[in-house]
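Chemist: Quick one, my_file_33.cif (mmCIF, C-alpha atoms):
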data_upload
loop_
_atom_site.label_atom_id
_atom_site.label_comp_id
_atom_site.auth_asym_id
_atom_site.auth_seq_id
_atom_site.Cartn_x
_atom_site.Cartn_y
_atom_site.Cartn_z
CA MET Y 1 -23.29 -43.21 -20.40
CA LYS Y 2 -21.71 -42.14 -23.63
CA ARG Y 3 -21.99 -43.67 -27.07
CA PHE Y 4 -18.21 -43.57 -27.45
CA ASP Y 5 -17.68 -45.71 -24.33
CA ILE Y 6 -20.15 -48.33 -25.51
CA SER Y 7 -18.69 -48.49 -29.01
CA LYS Y 8 -15.30 -48.98 -27.34
CA ILE Y 9 -16.63 -51.96 -25.37
CA VAL Y 10 -18.07 -53.38 -28.59
CA VAL Y 11 -14.81 -53.06 -30.52
CA GLU Y 12 -12.72 -54.43 -27.65
CA SER Y 13 -15.05 -57.41 -27.13
CA VAL Y 14 -14.93 -58.80 -30.66
CA ASN Y 15 -12.23 -60.16 -32.92
CA GLU Y 16 -11.21 -58.63 -36.23
CA ASN Y 17 -13.56 -60.97 -38.07
CA ILE Y 18 -16.79 -59.56 -36.74
CA PRO Y 19 -18.42 -56.99 -39.02
CA ILE Y 20 -19.57 -53.76 -37.39
CA ILE Y 21 -21.93 -51.59 -39.44
CA SER Y 22 -22.33 -48.04 -38.16
CA ASN Y 23 -24.97 -45.37 -38.64
CA LEU Y 24 -24.02 -42.20 -40.48
CA GLY Y 25 -22.41 -39.23 -38.75
CA PRO Y 26 -20.82 -39.22 -35.29
CA THR Y 27 -21.49 -42.93 -34.66
CA SER Y 28 -19.28 -43.80 -37.63
CA ARG Y 29 -16.67 -41.13 -36.90
CA GLU Y 30 -16.35 -42.25 -33.28
CA LEU Y 31 -16.07 -45.89 -34.36
CA ARG Y 32 -13.34 -44.98 -36.83
CA SER Y 33 -11.42 -43.13 -34.12
CA ILE Y 34 -11.73 -46.05 -31.68
CA LYS Y 35 -10.37 -48.48 -34.23
CA HIS Y 36 -10.41 -48.39 -37.98
CA ARG Y 37 -10.98 -51.99 -39.06
CA THR Y 38 -11.51 -53.52 -42.49
CA ARG Y 39 -14.72 -55.06 -41.19
CA ASN Y 40 -16.14 -51.72 -40.11
CA LEU Y 41 -18.69 -50.60 -42.68
CA TYR Y 42 -19.49 -46.92 -42.16
CA GLN Y 43 -22.70 -45.43 -43.52
CA TYR Y 44 -22.42 -41.98 -45.05
CA GLY Y 45 -26.04 -41.48 -46.09
CA SER Y 46 -29.04 -43.80 -46.53
CA MET Y 47 -30.35 -42.86 -43.10
CA GLY Y 48 -32.39 -45.66 -41.58
CA LEU Y 49 -30.71 -48.48 -43.47
CA CYS Y 50 -27.80 -49.28 -41.13
CA SER Y 51 -29.48 -52.31 -39.53
CA SER Y 52 -30.95 -53.38 -42.88
CA VAL Y 53 -27.46 -53.47 -44.39
CA ALA Y 54 -26.29 -55.40 -41.32
CA PHE Y 55 -29.17 -57.85 -41.78
CA GLY Y 56 -28.15 -58.39 -45.42
CA ILE Y 57 -24.62 -59.18 -44.25
CA ALA Y 58 -25.94 -61.46 -41.50
CA LEU Y 59 -27.79 -63.51 -44.13
CA ASN Y 60 -24.48 -64.30 -45.78
CA THR Y 61 -22.12 -65.05 -42.93
CA ASP Y 62 -22.00 -67.39 -39.96
CA THR Y 63 -20.34 -64.95 -37.58
CA LYS Y 64 -22.10 -62.44 -35.40
CA VAL Y 65 -22.88 -59.15 -37.16
CA ILE Y 66 -23.21 -55.94 -35.17
CA SER Y 67 -25.19 -52.86 -36.17
CA LEU Y 68 -24.59 -49.57 -34.37
CA ASP Y 69 -27.80 -47.71 -35.14
CA GLY Y 70 -29.51 -44.60 -33.75
CA ASP Y 71 -32.99 -43.66 -32.53
CA GLY Y 72 -33.72 -41.09 -35.25
CA ALA Y 73 -32.53 -43.49 -37.95
CA VAL Y 74 -34.47 -46.49 -36.65
CA ILE Y 75 -37.66 -44.45 -36.45
CA MET Y 76 -37.15 -43.64 -40.13
CA ASN Y 77 -37.19 -47.36 -41.01
CA MET Y 78 -39.10 -49.02 -38.20
CA GLY Y 79 -40.29 -51.65 -40.64
CA GLY Y 80 -36.71 -52.86 -40.70
CA LEU Y 81 -37.22 -54.19 -37.16
CA ALA Y 82 -40.31 -56.08 -38.35
CA THR Y 83 -38.26 -57.63 -41.15
CA ILE Y 84 -35.59 -58.74 -38.67
CA GLY Y 85 -38.34 -60.12 -36.42
CA ARG Y 86 -39.87 -61.99 -39.35
CA HIS Y 87 -36.64 -63.61 -40.53
CA GLN Y 88 -34.98 -64.16 -37.11
CA PRO Y 89 -31.29 -63.90 -38.10
CA THR Y 90 -29.71 -65.60 -35.09
CA ASN Y 91 -26.36 -63.87 -35.66
CA LEU Y 92 -27.55 -60.26 -35.76
CA ILE Y 93 -27.03 -57.87 -32.86
CA VAL Y 94 -28.67 -54.46 -33.29
CA ILE Y 95 -27.50 -51.79 -30.88
CA ILE Y 96 -29.65 -48.66 -30.98
CA TYR Y 97 -28.04 -45.57 -29.48
CA ASP Y 98 -30.90 -43.55 -28.08
CA ASN Y 99 -30.06 -39.95 -27.17
CA GLU Y 100 -33.67 -38.86 -27.73
CA GLU Y 101 -32.66 -36.30 -30.32
CA TRP Y 102 -31.64 -35.83 -33.93
CA GLY Y 103 -28.17 -35.19 -32.62
CA GLN Y 104 -26.42 -34.42 -35.85
CA THR Y 105 -29.06 -32.09 -37.18
CA ALA Y 106 -29.76 -29.25 -34.76
CA HIS Y 107 -30.29 -31.43 -31.66
CA MET Y 108 -34.06 -31.29 -31.91
CA PRO Y 109 -35.90 -33.86 -29.79
CA SER Y 110 -36.77 -37.16 -31.48
CA HIS Y 111 -39.83 -39.33 -30.90
CA THR Y 112 -38.13 -41.31 -28.14
CA SER Y 113 -38.05 -38.11 -26.07
CA ALA Y 114 -41.85 -38.23 -26.15
CA GLY Y 115 -42.18 -41.86 -25.11
CA THR Y 116 -41.51 -44.09 -28.10
CA ASN Y 117 -39.81 -47.13 -26.59
CA LEU Y 118 -37.69 -48.81 -29.24
CA ALA Y 119 -37.00 -51.86 -27.06
CA ASN Y 120 -40.74 -52.46 -26.82
CA VAL Y 121 -41.08 -51.85 -30.56
CA SER Y 122 -38.32 -54.40 -31.22
CA LYS Y 123 -40.02 -56.92 -28.96
CA SER Y 124 -43.39 -56.39 -30.63
CA CYS Y 125 -41.69 -56.97 -33.97
CA GLY Y 126 -40.71 -60.44 -32.83
CA ILE Y 127 -37.21 -59.75 -31.57
CA ASP Y 128 -37.72 -61.50 -28.24
CA LYS Y 129 -34.26 -60.62 -26.97
CA SER Y 130 -34.86 -56.87 -26.82
CA PHE Y 131 -33.47 -54.85 -23.96
CA LEU Y 132 -33.35 -51.27 -22.77
CA VAL Y 133 -30.14 -50.46 -20.90
CA LYS Y 134 -29.22 -47.33 -18.99
CA THR Y 135 -25.80 -48.13 -17.55
CA ILE Y 136 -22.51 -49.38 -18.95
CA GLU Y 137 -22.65 -52.38 -16.61
CA GLU Y 138 -26.09 -53.38 -17.89
CA PHE Y 139 -24.94 -52.98 -21.47
CA ASP Y 140 -21.80 -55.00 -20.92
CA LEU Y 141 -23.74 -57.87 -19.35
CA ILE Y 142 -26.30 -58.13 -22.13
CA PHE Y 143 -23.85 -57.54 -24.96
CA LYS Y 144 -21.53 -60.32 -23.74
CA LYS Y 145 -24.54 -62.63 -23.67
CA ALA Y 146 -25.52 -61.54 -27.17
CA LEU Y 147 -22.08 -62.50 -28.44
CA THR Y 148 -22.40 -66.07 -27.23
CA GLU Y 149 -26.11 -66.85 -27.48
CA ASP Y 150 -28.43 -67.02 -30.48
CA GLY Y 151 -30.25 -63.83 -31.38
CA PRO Y 152 -31.45 -61.72 -32.97
CA TYR Y 153 -30.76 -59.16 -30.26
CA SER Y 154 -31.93 -55.57 -30.05
CA ILE Y 155 -30.17 -53.54 -27.36
CA VAL Y 156 -31.44 -49.99 -26.93
CA ALA Y 157 -28.84 -47.98 -25.04
CA LYS Y 158 -29.99 -44.72 -23.50
CA ILE Y 159 -27.01 -42.42 -23.96
CA GLU Y 160 -26.03 -38.88 -23.05
CA GLN Y 161 -26.31 -36.28 -25.75
CA GLY Y 162 -23.12 -35.08 -27.38
CA ASP Y 163 -20.23 -36.71 -29.20
CA GLY Y 164 -16.97 -38.29 -28.07
CA PRO Y 165 -13.62 -38.15 -29.85
CA LYS Y 166 -14.26 -38.35 -33.58
CA SER Y 167 -12.07 -39.13 -36.54
CA PRO Y 168 -11.76 -36.50 -39.25
CA SER Y 169 -14.75 -36.44 -41.57
CA VAL Y 170 -13.47 -38.70 -44.32
CA TYR Y 171 -15.75 -39.72 -47.17
CA GLU Y 172 -14.67 -42.84 -49.00
CA PRO Y 173 -17.72 -45.11 -49.38
CA GLU Y 174 -16.42 -46.93 -52.44
CA PHE Y 175 -13.08 -47.73 -50.82
CA ASP Y 176 -14.75 -48.91 -47.58
CA LEU Y 177 -17.15 -51.14 -49.47
CA LEU Y 178 -14.48 -52.71 -51.63
CA SER Y 179 -12.07 -53.44 -48.78
CA PHE Y 180 -14.91 -54.79 -46.64
CA ARG Y 181 -16.24 -56.97 -49.45
CA ASN Y 182 -12.79 -58.24 -50.40
CA THR Y 183 -12.48 -59.86 -46.98
CA TYR Y 184 -15.49 -62.02 -47.93
CA ILE Y 185 -14.63 -62.92 -51.50
CA GLN Y 186 -10.98 -63.73 -50.82
CA LYS Y 187 -11.59 -66.20 -48.03
CA MET C 1 -41.53 -71.72 -71.20
CA SER C 2 -43.56 -68.90 -69.70
CA TRP C 3 -42.04 -65.42 -69.32
CA ALA C 4 -41.69 -66.11 -65.59
CA GLU C 5 -39.71 -69.30 -66.21
CA VAL C 6 -37.42 -67.54 -68.69
CA LEU C 7 -36.84 -64.77 -66.18
CA ILE C 8 -35.98 -67.28 -63.45
CA GLU C 9 -33.55 -69.10 -65.73
CA ALA C 10 -31.84 -65.80 -66.52
CA TYR C 11 -31.44 -65.05 -62.79
CA LYS C 12 -30.10 -68.54 -62.11
CA ASP C 13 -27.60 -68.38 -64.95
CA SER C 14 -26.52 -64.97 -63.64
CA LYS C 15 -26.05 -66.44 -60.14
CA VAL C 16 -28.32 -63.89 -58.47
CA ASN C 17 -29.88 -65.96 -55.73
CA LEU C 18 -30.87 -63.65 -52.87
CA ILE C 19 -33.97 -61.64 -53.75
CA THR C 20 -35.50 -58.95 -51.55
CA TYR C 21 -39.01 -57.97 -52.55
CA ILE C 22 -42.32 -56.26 -52.09
CA PRO C 23 -44.74 -58.30 -54.19
CA ASP C 24 -47.44 -57.35 -56.65
CA ASN C 25 -49.74 -59.60 -58.64
CA THR C 26 -47.34 -59.83 -61.58
CA LEU C 27 -44.10 -60.21 -59.58
CA ALA C 28 -45.83 -62.88 -57.51
CA ILE C 29 -45.88 -65.18 -60.57
CA PRO C 30 -42.09 -65.74 -60.65
CA LEU C 31 -41.77 -65.30 -56.86
CA LYS C 32 -44.12 -68.19 -56.16
CA ILE C 33 -42.07 -70.45 -58.43
CA MET C 34 -38.81 -69.26 -56.88
CA GLU C 35 -40.11 -69.95 -53.36
CA LYS C 36 -40.05 -73.67 -54.17
CA ASP C 37 -36.58 -73.57 -55.73
CA PRO C 38 -33.72 -74.15 -53.27
CA PHE C 39 -31.41 -72.05 -55.44
CA PHE C 40 -33.19 -68.89 -54.33
CA ARG C 41 -33.46 -67.22 -50.97
CA LEU C 42 -36.37 -64.80 -50.85
CA ILE C 43 -36.52 -61.99 -48.32
CA PRO C 44 -39.78 -60.07 -48.10
CA VAL C 45 -39.13 -56.60 -46.68
CA SER C 46 -41.38 -53.88 -45.26
CA ARG C 47 -40.54 -51.18 -47.79
CA GLU C 48 -38.54 -51.15 -51.00
CA GLU C 49 -35.88 -48.79 -49.62
CA GLU C 50 -35.22 -51.33 -46.90
CA GLY C 51 -34.76 -53.99 -49.58
CA ILE C 52 -32.07 -51.84 -51.15
CA GLY C 53 -30.31 -51.84 -47.76
CA VAL C 54 -30.59 -55.61 -47.30
CA SER C 55 -29.46 -56.37 -50.85
CA SER C 56 -26.56 -53.94 -50.42
CA GLY C 57 -25.51 -55.71 -47.23
CA ALA C 58 -25.65 -59.06 -48.98
CA TYR C 59 -23.39 -57.70 -51.72
CA ALA C 60 -20.98 -56.32 -49.11
CA ALA C 61 -20.70 -59.88 -47.78
CA GLY C 62 -19.82 -61.20 -51.22
CA GLN C 63 -23.22 -62.28 -52.56
CA ARG C 64 -25.28 -61.29 -55.58
CA SER C 65 -28.64 -59.93 -54.52
CA GLY C 66 -31.48 -58.45 -56.54
CA ILE C 67 -34.72 -56.69 -55.69
CA PHE C 68 -38.24 -57.12 -57.12
CA MET C 69 -40.65 -54.18 -56.79
CA GLN C 70 -43.18 -51.98 -58.57
CA SER C 71 -42.43 -48.60 -60.11
CA SER C 72 -44.21 -47.05 -57.12
CA GLY C 73 -41.67 -48.75 -54.87
CA LEU C 74 -38.80 -47.35 -56.88
CA GLY C 75 -40.04 -43.97 -55.68
CA ASN C 76 -39.40 -45.17 -52.12
CA CYS C 77 -35.79 -46.07 -52.99
CA VAL C 78 -34.46 -42.85 -54.45
CA ASN C 79 -32.34 -41.56 -51.57
CA ALA C 80 -30.97 -45.01 -50.77
CA LEU C 81 -29.79 -45.38 -54.36
CA GLY C 82 -28.38 -41.86 -54.42
CA SER C 83 -26.61 -41.91 -51.05
CA LEU C 84 -25.63 -45.59 -50.75
CA ASN C 85 -25.46 -47.54 -54.00
CA VAL C 86 -24.20 -44.93 -56.43
CA PRO C 87 -21.41 -43.46 -54.24
CA ALA C 88 -20.35 -46.81 -52.73
CA ARG C 89 -20.76 -48.50 -56.12
CA ILE C 90 -23.03 -51.30 -54.95
CA PRO C 91 -24.65 -53.13 -57.87
CA ILE C 92 -28.22 -54.37 -57.49
CA PRO C 93 -30.22 -55.76 -60.40
CA MET C 94 -33.64 -54.15 -59.88
CA LEU C 95 -36.61 -55.89 -61.48
CA ILE C 96 -39.35 -53.27 -61.61
CA ASN C 97 -42.91 -53.88 -62.72
CA LEU C 98 -43.78 -50.69 -64.55
CA ARG C 99 -47.26 -49.38 -63.73
CA GLY C 100 -49.04 -46.58 -65.55
CA HIS C 101 -48.65 -48.40 -68.88
CA ILE C 102 -51.24 -49.72 -71.34
CA GLY C 103 -54.35 -50.99 -69.64
CA GLU C 104 -53.63 -49.25 -66.35
CA THR C 105 -56.76 -48.62 -64.33
CA SER C 106 -55.35 -46.99 -61.21
CA THR C 107 -55.04 -43.22 -61.57
CA ALA C 108 -52.49 -43.08 -58.76
CA GLN C 109 -50.03 -45.29 -60.67
CA PHE C 110 -49.44 -42.96 -63.63
CA PRO C 111 -47.19 -40.22 -62.19
CA MET C 112 -44.58 -42.54 -60.63
CA GLY C 113 -44.84 -44.84 -63.64
CA GLN C 114 -43.92 -41.93 -65.90
CA ALA C 115 -41.22 -40.68 -63.49
CA ALA C 116 -39.53 -44.05 -62.97
CA ARG C 117 -37.13 -43.92 -65.92
CA PRO C 118 -36.30 -40.19 -65.64
CA VAL C 119 -35.52 -40.74 -61.93
CA LEU C 120 -32.99 -43.45 -62.80
CA ASP C 121 -31.61 -41.25 -65.61
CA ALA C 122 -31.12 -38.44 -63.10
CA LEU C 123 -29.14 -40.78 -60.84
CA GLY C 124 -27.05 -42.04 -63.75
CA ILE C 125 -28.46 -45.56 -63.37
CA LEU C 126 -28.79 -47.69 -66.51
CA HIS C 127 -32.15 -49.22 -67.29
CA PHE C 128 -33.65 -51.57 -69.85
CA GLU C 129 -37.17 -52.49 -70.89
CA LEU C 130 -38.56 -56.01 -70.74
CA SER C 131 -41.42 -56.09 -73.22
CA ASP C 132 -40.48 -58.83 -75.65
CA GLU C 133 -40.49 -62.40 -74.39
CA SER C 134 -38.30 -63.58 -77.26
CA ARG C 135 -35.50 -61.32 -76.05
CA LEU C 136 -36.20 -61.59 -72.32
CA TYR C 137 -33.34 -63.98 -71.46
CA GLU C 138 -30.85 -62.00 -73.51
CA ILE C 139 -31.78 -58.64 -71.98
CA VAL C 140 -31.99 -59.86 -68.36
CA THR C 141 -28.67 -61.73 -68.44
CA GLY C 142 -27.06 -58.83 -70.32
CA ALA C 143 -28.42 -56.24 -67.91
CA ILE C 144 -27.19 -58.22 -64.90
CA LYS C 145 -23.78 -58.57 -66.52
CA ALA C 146 -23.68 -54.79 -67.07
CA CYS C 147 -24.82 -54.25 -63.47
CA TYR C 148 -21.89 -56.13 -61.93
CA ALA C 149 -19.34 -54.92 -64.48
CA SER C 150 -20.29 -51.27 -63.89
CA HIS C 151 -20.57 -51.71 -60.11
CA GLN C 152 -23.86 -49.79 -60.22
CA PRO C 153 -27.52 -50.71 -59.81
CA VAL C 154 -29.42 -51.44 -63.03
CA GLY C 155 -33.17 -51.15 -63.62
CA MET C 156 -35.16 -53.67 -65.67
CA PHE C 157 -38.69 -52.48 -66.36
CA MET C 158 -41.29 -55.16 -67.05
CA THR C 159 -44.25 -53.85 -69.04
CA PRO C 160 -47.69 -55.32 -69.76
CA LEU C 161 -46.40 -56.04 -73.27
CA LEU C 162 -44.37 -58.83 -71.67
CA HIS C 163 -46.77 -60.26 -69.13
CA GLY C 164 -50.20 -58.96 -70.11
CA GLY C 165 -51.07 -57.95 -66.58
CA LYS C 166 -50.63 -54.78 -64.60
CA GLY C 167 -49.87 -54.91 -60.88
#
Please rewrite the model in this file as C-alpha cells.

Modeler:
Amino acid sequence: MKRFDISKIVVESVNENIPIISNLGPTSRELRSIKHRTRNLYQYGSMGLCSSVAFGIALNTDTKVISLDGDGAVIMNMGGLATIGRHQPTNLIVIIYDNEEWGQTAHMPSHTSAGTNLANVSKSCGIDKSFLVKTIEEFDLIFKKALTEDGPYSIVAKIEQGDGPKSPSVYEPEFDLLSFRNTYIQK
Amino acid sequence: MSWAEVLIEAYKDSKVNLITYIPDNTLAIPLKIMEKDPFFRLIPVSREEEGIGVSSGAYAAGQRSGIFMQSSGLGNCVNALGSLNVPARIPIPMLINLRGHIGETSTAQFPMGQAARPVLDALGILHFELSDESRLYEIVTGAIKACYASHQPVGMFMTPLLHGGKG
C-alpha cells in the first residue's frame, strides 16, 4: 500500500475541524496535494517532532488529533512515544508510515528494515492500542475505530517505497502556523 | 517570598500555564510547588528537544506554553529552535538553569554552559539573565511579554547568584 492512499483515507474520514500534523517532506507535500486544509500543520524541519507537536495540540483540544509521522523520524525521537505513553492523551492518533528507509535522503535503509518494530515499541511505551498494519483494509478498520474510541492510538503502516502525487515544494511555516492557530483563538 | 514563589507568580501573571520540562535539582524547587497548583499543567518529557515540540504544539492550539531545562538541555534543542520555532515564529519562554557558573563542580557542564548564550545569539533569540531576586518578577514578566510580542522564543538564564545552587 502507498502512503498517499492512506493519507487520502485519513483526510476523507475526518471533518474540517480535526487537526492533521504531518512529517516533513513528501508526507506533507502529499497531504497538501490531497487537500490543503487550515487545520493541516505541515512540518518543514524539526525532524522527529511531528508527533510531539501533535501531542501538544492534543493537550489543548477535545477533538481527535492526527499525526502523520515516519519511521526515520520516530526513531530520531523514540522518547516521544514514551511521553505519549506516560500522559495517555485519549484524543491522539499517531500514524507512523514505515517504508523501512530514509526515503527523502538517498533511500538508505532505516532501522525498521533490520527488525525494529515500532508497533511493539509503542506498546512497550504504554500505548496499549498499538497496531501494525500491512493492507489498506486493515488500516481502514483500525483507523475508523481510533476515530470513535479513546486512545492514544499508534498505527504503524507498512508502506511501499516511493512518493505519490505531491504539491509543489512551498515553504511558508509562519503562514501555516498563524492560520492554524487562528482557528483556535477565534473560536 | 522565595525566588521560586516569585518566579511562579510571574508565570501566573503572564498566563503561561503549560510547562514542559526535564528537571534538575534547582528547577525541581518551583516545579514541586507548581505540581500542587491547579493553574499549572506540567508535562515531563524525555528530552528537551521533544519539549520544544510539545510546547510548540500547545501554542499552535492557542495556549501559552513554556519549557524548563538546564543549559545542557538547550544543547539538545538547537535544531528544533532553528528549524521550527524561528521560521514558524513560535514563541516559547525558556527557563534555563545555567550550569558552568560559580561553584560548578562538574567538569562536563562548563562547555555547554559557556556556549548557551552564544548559541541563542547565533539563532537570533533574545535572552536575559536571572541573577537578582529583587528584579526577578520584573525581568521574567518582561521577558515573557517580549517573547509573545516578538513571536520568537526567549531564553531566561537562572544563575547560582539567584538560587545559590547549581543543578

Chemist: Could you tell me how far atom CA of C:Arg99 sits from atom CA of Y:Arg86, in Å to one decimal place?

Modeler: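 Interatomic distance, atom CA of Y:Arg86 to atom CA of C:Arg99: 28.4 Å.
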
Chemist: Enumerate, in order of chain and increasing residue number, the residues of chain Y with an atom no farther than 10 Å from chain C, each with its shortest atom pair and distance in Å to one decimal, counting all atoms listed in the file, as a Markdown table.

Modeler:
| residue | atom | partner | partner_atom | distance |
| --- | --- | --- | --- | --- |
| Y:Pro19 | CA | C:Ala61 | CA | 9.5 |
| Y:Ile21 | CA | C:Gly57 | CA | 9.5 |
| Y:Leu41 | CA | C:Ala60 | CA | 8.9 |
| Y:Gln43 | CA | C:Leu84 | CA | 7.8 |
| Y:Tyr44 | CA | C:Ser83 | CA | 7.3 |
| Y:Gly45 | CA | C:Ser83 | CA | 5.0 |
| Y:Ser46 | CA | C:Ala80 | CA | 4.8 |
| Y:Met47 | CA | C:Ala80 | CA | 8.0 |
| Y:Gly48 | CA | C:Glu50 | CA | 8.3 |
| Y:Leu49 | CA | C:Gly53 | CA | 5.5 |
| Y:Cys50 | CA | C:Gly53 | CA | 7.5 |
| Y:Ser51 | CA | C:Gly53 | CA | 8.3 |
| Y:Ser52 | CA | C:Val54 | CA | 5.0 |
| Y:Val53 | CA | C:Gly57 | CA | 4.1 |
| Y:Ala54 | CA | C:Gly57 | CA | 6.0 |
| Y:Phe55 | CA | C:Val54 | CA | 6.1 |
| Y:Gly56 | CA | C:Val54 | CA | 4.1 |
| Y:Ile57 | CA | C:Gly57 | CA | 4.7 |
| Y:Ala58 | CA | C:Ala58 | CA | 7.9 |
| Y:Leu59 | CA | C:Ala58 | CA | 6.9 |
| Y:Asn60 | CA | C:Ala61 | CA | 6.2 |
| Y:Thr61 | CA | C:Ala61 | CA | 7.2 |
| Y:Asn77 | CA | C:Glu50 | CA | 7.4 |
| Y:Met78 | CA | C:Ser46 | CA | 8.9 |
| Y:Gly79 | CA | C:Ser46 | CA | 5.2 |
| Y:Gly80 | CA | C:Glu50 | CA | 6.6 |
| Y:Leu81 | CA | C:Ser46 | CA | 9.1 |
| Y:Ala82 | CA | C:Ser46 | CA | 7.3 |
| Y:Thr83 | CA | C:Val45 | CA | 5.7 |
| Y:Ile84 | CA | C:Val45 | CA | 9.0 |
| Y:Arg86 | CA | C:Pro44 | CA | 9.0 |
| Y:His87 | CA | C:Ile43 | CA | 8.0 |
| Y:Tyr171 | CA | C:Pro87 | CA | 9.8 |
| Y:Glu172 | CA | C:Ala88 | CA | 7.9 |
| Y:Pro173 | CA | C:Ala88 | CA | 4.6 |
| Y:Glu174 | CA | C:Ala88 | CA | 3.9 |
| Y:Phe175 | CA | C:Ala88 | CA | 7.6 |
| Y:Asp176 | CA | C:Ala88 | CA | 7.9 |
| Y:Leu177 | CA | C:Ala88 | CA | 6.3 |
| Y:Leu178 | CA | C:Ala60 | CA | 7.9 |
| Y:Ser179 | CA | C:Ala60 | CA | 9.4 |
| Y:Phe180 | CA | C:Ala60 | CA | 6.7 |
| Y:Arg181 | CA | C:Ala60 | CA | 4.8 |
| Y:Asn182 | CA | C:Gly62 | CA | 7.7 |
| Y:Thr183 | CA | C:Ala61 | CA | 8.3 |
| Y:Tyr184 | CA | C:Gly62 | CA | 5.5 |
| Y:Ile185 | CA | C:Gly62 | CA | 5.5 |
| Y:Gln186 | CA | C:Gly62 | CA | 9.2 |

Chemist: Which residue gives the smallest distance to Y:Pro109 among Y:Asp71, Y:Asn40, Y:Asn15, Y:Val170, with all atoms listed in the file counted?

Modeler: Y:Asp71

Chemist: Taking the file as shown, find all residues satisfying the PyMOL selection byres ((chain C and resi 37) around 12) and write them as a list in words.

Modeler: Glu5, Ile8, Glu9, Lys12, Asn17, Leu18, Pro30, Leu31, Lys32, Ile33, Met34, Glu35, Lys36, Pro38, Phe39, Phe40, Arg41 and Leu42 of chain C

Chemist: For the selection you just gave me, I'd like the residues written to a file as a CSV table (one decimal), in the coordinates of the input, keeping C-alpha atoms.

Modeler:
chain,number,residue,atom,x,y,z
C,5,GLU,CA,-39.7,-69.3,-66.2
C,8,ILE,CA,-36.0,-67.3,-63.4
C,9,GLU,CA,-33.6,-69.1,-65.7
C,12,LYS,CA,-30.1,-68.5,-62.1
C,17,ASN,CA,-29.9,-66.0,-55.7
C,18,LEU,CA,-30.9,-63.6,-52.9
C,30,PRO,CA,-42.1,-65.7,-60.6
C,31,LEU,CA,-41.8,-65.3,-56.9
C,32,LYS,CA,-44.1,-68.2,-56.2
C,33,ILE,CA,-42.1,-70.4,-58.4
C,34,MET,CA,-38.8,-69.3,-56.9
C,35,GLU,CA,-40.1,-70.0,-53.4
C,36,LYS,CA,-40.0,-73.7,-54.2
C,38,PRO,CA,-33.7,-74.2,-53.3
C,39,PHE,CA,-31.4,-72.0,-55.4
C,40,PHE,CA,-33.2,-68.9,-54.3
C,41,ARG,CA,-33.5,-67.2,-51.0
C,42,LEU,CA,-36.4,-64.8,-50.8

Chemist: Which protein, DNA or RNA residues are at most 9 Å from (-26.2, -62.4, -68.6) in the file's coordinates when you count all atoms listed in the file, listed as a list in words?

Modeler: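 Residues satisfying the cut-off, written out: Ala10, Tyr11, Asp13, Ser14, Tyr137, Glu138, Ile139, Val140, Thr141, Gly142, Ala143, Ile144, Lys145 and Ala146 of chain C.
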